[in-house]
$ cat start31.cif   # mmCIF, C-alpha atoms
data_coords
#
loop_
_atom_site.label_atom_id
_atom_site.label_comp_id
_atom_site.auth_asym_id
_atom_site.auth_seq_id
_atom_site.Cartn_x
_atom_site.Cartn_y
_atom_site.Cartn_z
CA MET T 391 0.00 0.00 0.00
CA SER T 392 1.50 3.34 -1.03
CA ARG T 393 0.81 6.55 0.82
CA GLU T 394 -0.06 10.03 -0.37
CA ILE T 395 3.22 11.94 -0.44
CA TYR T 396 3.50 15.45 -1.82
CA LYS T 397 6.80 17.06 -2.76
CA TYR T 398 6.93 20.84 -3.11
CA VAL T 399 9.85 22.23 -5.10
CA PHE T 400 10.48 25.99 -4.88
CA ASP T 401 12.18 28.14 -7.48
CA SER T 402 15.21 30.29 -6.72
CA SER T 403 13.14 33.45 -6.18
CA VAL T 404 11.77 32.00 -2.92
CA ASP T 405 13.81 32.31 0.28
CA ILE T 406 13.91 28.79 1.72
CA ALA T 407 13.90 30.26 5.25
CA ASP T 408 10.46 31.69 4.44
CA VAL T 409 9.33 28.23 3.28
CA GLU T 410 10.50 26.82 6.61
CA SER T 411 8.53 29.51 8.43
CA SER T 412 5.42 28.60 6.43
CA LEU T 413 5.93 24.93 7.30
CA LEU T 414 6.26 25.75 11.00
CA LEU T 415 3.12 27.89 10.86
CA ALA T 416 1.25 25.04 9.16
CA LEU T 417 2.47 22.65 11.87
CA LEU T 418 1.25 24.98 14.62
CA ALA T 419 -2.13 25.32 12.92
CA THR T 420 -2.34 21.54 12.57
CA GLU T 421 -1.58 21.21 16.29
CA SER T 422 -4.54 23.48 16.98
CA LEU T 423 -6.77 21.07 15.08
CA HIS T 424 -5.36 17.72 16.25
CA GLY T 425 -3.17 18.36 19.30
CA GLU T 426 0.60 18.30 19.65
CA SER T 427 0.84 14.54 20.27
CA GLN T 428 -1.11 13.58 17.15
CA VAL T 429 0.96 15.94 15.01
CA ARG T 430 4.18 14.46 16.37
CA LEU T 431 2.91 10.96 15.63
CA GLU T 432 1.18 11.43 12.30
CA ALA T 433 2.46 14.53 10.47
CA ALA T 434 5.57 13.19 8.77
CA HIS T 435 7.39 15.89 6.83
CA ALA T 436 10.88 16.93 5.73
CA LEU T 437 12.48 20.12 4.46
CA ASP T 438 15.52 19.91 2.17
CA ALA T 439 16.93 23.44 2.12
CA GLU T 440 19.70 22.61 -0.33
CA GLY T 441 17.31 20.87 -2.72
CA ARG T 442 14.70 23.64 -2.21
CA ALA T 443 12.05 21.01 -1.47
CA CYS T 444 9.52 20.14 1.21
CA VAL T 445 7.84 16.75 1.50
CA ILE T 446 4.63 16.03 3.41
CA ASP T 447 3.08 12.61 4.03
CA ALA T 448 -0.66 13.22 3.62
CA GLY T 449 -1.66 9.61 4.17
CA GLY T 450 -3.84 10.31 7.22
CA ASP T 451 -6.16 13.00 8.53
CA VAL T 452 -3.39 14.90 10.34
CA GLY T 453 -1.03 14.81 7.34
CA ARG T 454 -3.82 15.85 4.97
CA ASP T 455 -4.60 18.86 7.14
CA LEU T 456 -0.90 19.79 7.34
CA ASN T 457 -0.67 19.49 3.55
CA ARG T 458 -3.76 21.67 2.98
CA LEU T 459 -2.56 24.36 5.37
CA PHE T 460 0.97 24.38 3.96
CA VAL T 461 -0.10 24.67 0.32
CA GLY T 462 -2.54 27.44 1.23
CA PHE T 463 0.13 29.40 3.08
CA VAL T 464 2.84 29.09 0.39
CA ARG T 465 0.41 29.81 -2.44
CA ARG T 466 -0.70 33.04 -0.81
CA GLU T 467 2.79 34.10 0.26
CA PHE T 468 4.83 33.21 -2.84
CA GLY T 469 2.27 32.81 -5.61
CA GLU T 470 1.28 29.73 -7.58
CA ASP T 471 4.16 30.09 -10.04
CA ALA T 472 6.87 30.06 -7.35
CA PHE T 473 6.65 26.31 -6.72
CA ARG T 474 5.44 23.05 -8.15
CA VAL T 475 3.81 20.13 -6.40
CA GLU T 476 4.53 16.52 -7.28
CA ARG T 477 2.67 13.51 -6.00
CA VAL T 478 5.32 10.95 -5.09
CA GLU T 479 4.87 7.20 -5.17
CA ARG T 480 7.00 5.37 -2.64
CA HIS T 481 7.25 2.27 -0.56
CA PRO T 482 5.10 2.49 2.60
CA ASN T 483 8.13 2.25 4.92
CA CYS T 484 10.09 5.03 3.21
CA LYS T 485 10.64 8.15 5.32
CA PRO T 486 9.74 11.63 3.98
CA GLU T 487 13.35 12.81 4.26
CA GLU T 488 14.37 10.05 1.84
CA VAL T 489 11.92 11.45 -0.74
CA ALA T 490 13.03 15.07 -0.20
CA ALA T 491 16.62 14.37 -1.26
#

$ encode --input "start31.cif" --output "C-alpha cells"
Amino acid sequence: MSREIYKYVFDSSVDIADVESSLLLALLATESLHGESQVRLEAAHALDAEGRACVIDAGGDVGRDLNRLFVGFVRREFGEDAFRVERVERHPNCKPEEVAA
C-alpha cells in the first residue's frame, strides 16, 4: 500500500527560510486542530533546504490537514508560479526525508 506523499519544489526566487517559516506555521495550525501529540505521531514531513524542497506525508487525517494548510500558506505568500507540487509514489516504509533528497 502506497501513501499520499506530496513534494513541493520551490524556485530560486523564494527564500527557503520563508518556506521553513510557512511549514512551521502550518504545523502549529495543525496542532490546533489535532493536538501536539497527534501531530508528532502522524504529520511526517521533511524540508531539504539545499534541494529547495519540502515533503509532506498526507496519508492520514493529520497529514492531509498539514498538507492543505501548507499549500494554502505558500500559495498566498509566494504565488502559484513560485513552486510546483509533485505527487510521489513510494514504498510504505520510506521516510519523507528520503523522498526530499

$ residues_around --input "start31.cif" --residues "T:Arg442" --least-positions-apart "4" --cutoff "9 Å" --atoms "all atoms listed in the file" --output "list in words"
Tyr398, Val399, Phe400, Asp401, Ser402, Val404, Ile406, Val409, Leu437, Asp438 and Ala490 of chain T

$ closest_residue --input "start31.cif" --among "T:Ala407, T:Ala439, T:Ala433, T:Cys444" --to "T:Glu421" --atoms "all atoms listed in the file"
T:Ala433

$ residues_near_point --input "start31.cif" --point "(7.2, 16.1, 15.5)" --cutoff "12 Å" --atoms "only C-alpha atoms" --output "list in words"
Leu414, Leu417, Leu418, Thr420, Glu421, Gly425, Glu426, Ser427, Gln428, Val429, Arg430, Leu431, Glu432, Ala433, Ala434, His435, Ala436, Val452 and Gly453 of chain T

$ atom_distance --input "start31.cif" --atom1 "atom CA of T:Ala419" --atom2 "atom CA of T:Glu440"
25.7 Å

$ closest_residue --input "start31.cif" --among "T:Leu423, T:Leu415, T:Ile395, T:Leu456" --to "T:Arg477" --atoms "all atoms listed in the file"
T:Ile395

$ closest_residue --input "start31.cif" --among "T:Val478, T:Val464, T:Ala472, T:Leu413" --to "T:Ala448" --atoms "all atoms listed in the file"
T:Val478

$ atom_distance --input "start31.cif" --atom1 "atom CA of T:Asp451" --atom2 "atom CA of T:Glu394"
11.2 Å

$ atom_distance --input "start31.cif" --atom1 "atom CA of T:Phe463" --atom2 "atom CA of T:Ser411"
10.0 Å

$ residues_near_point --input "start31.cif" --point "(2.6, 34.6, 4.9)" --cutoff "7 Å" --atoms "only C-alpha atoms" --output "list of chain:residue names"
T:Ser412, T:Phe463, T:Arg466, T:Glu467
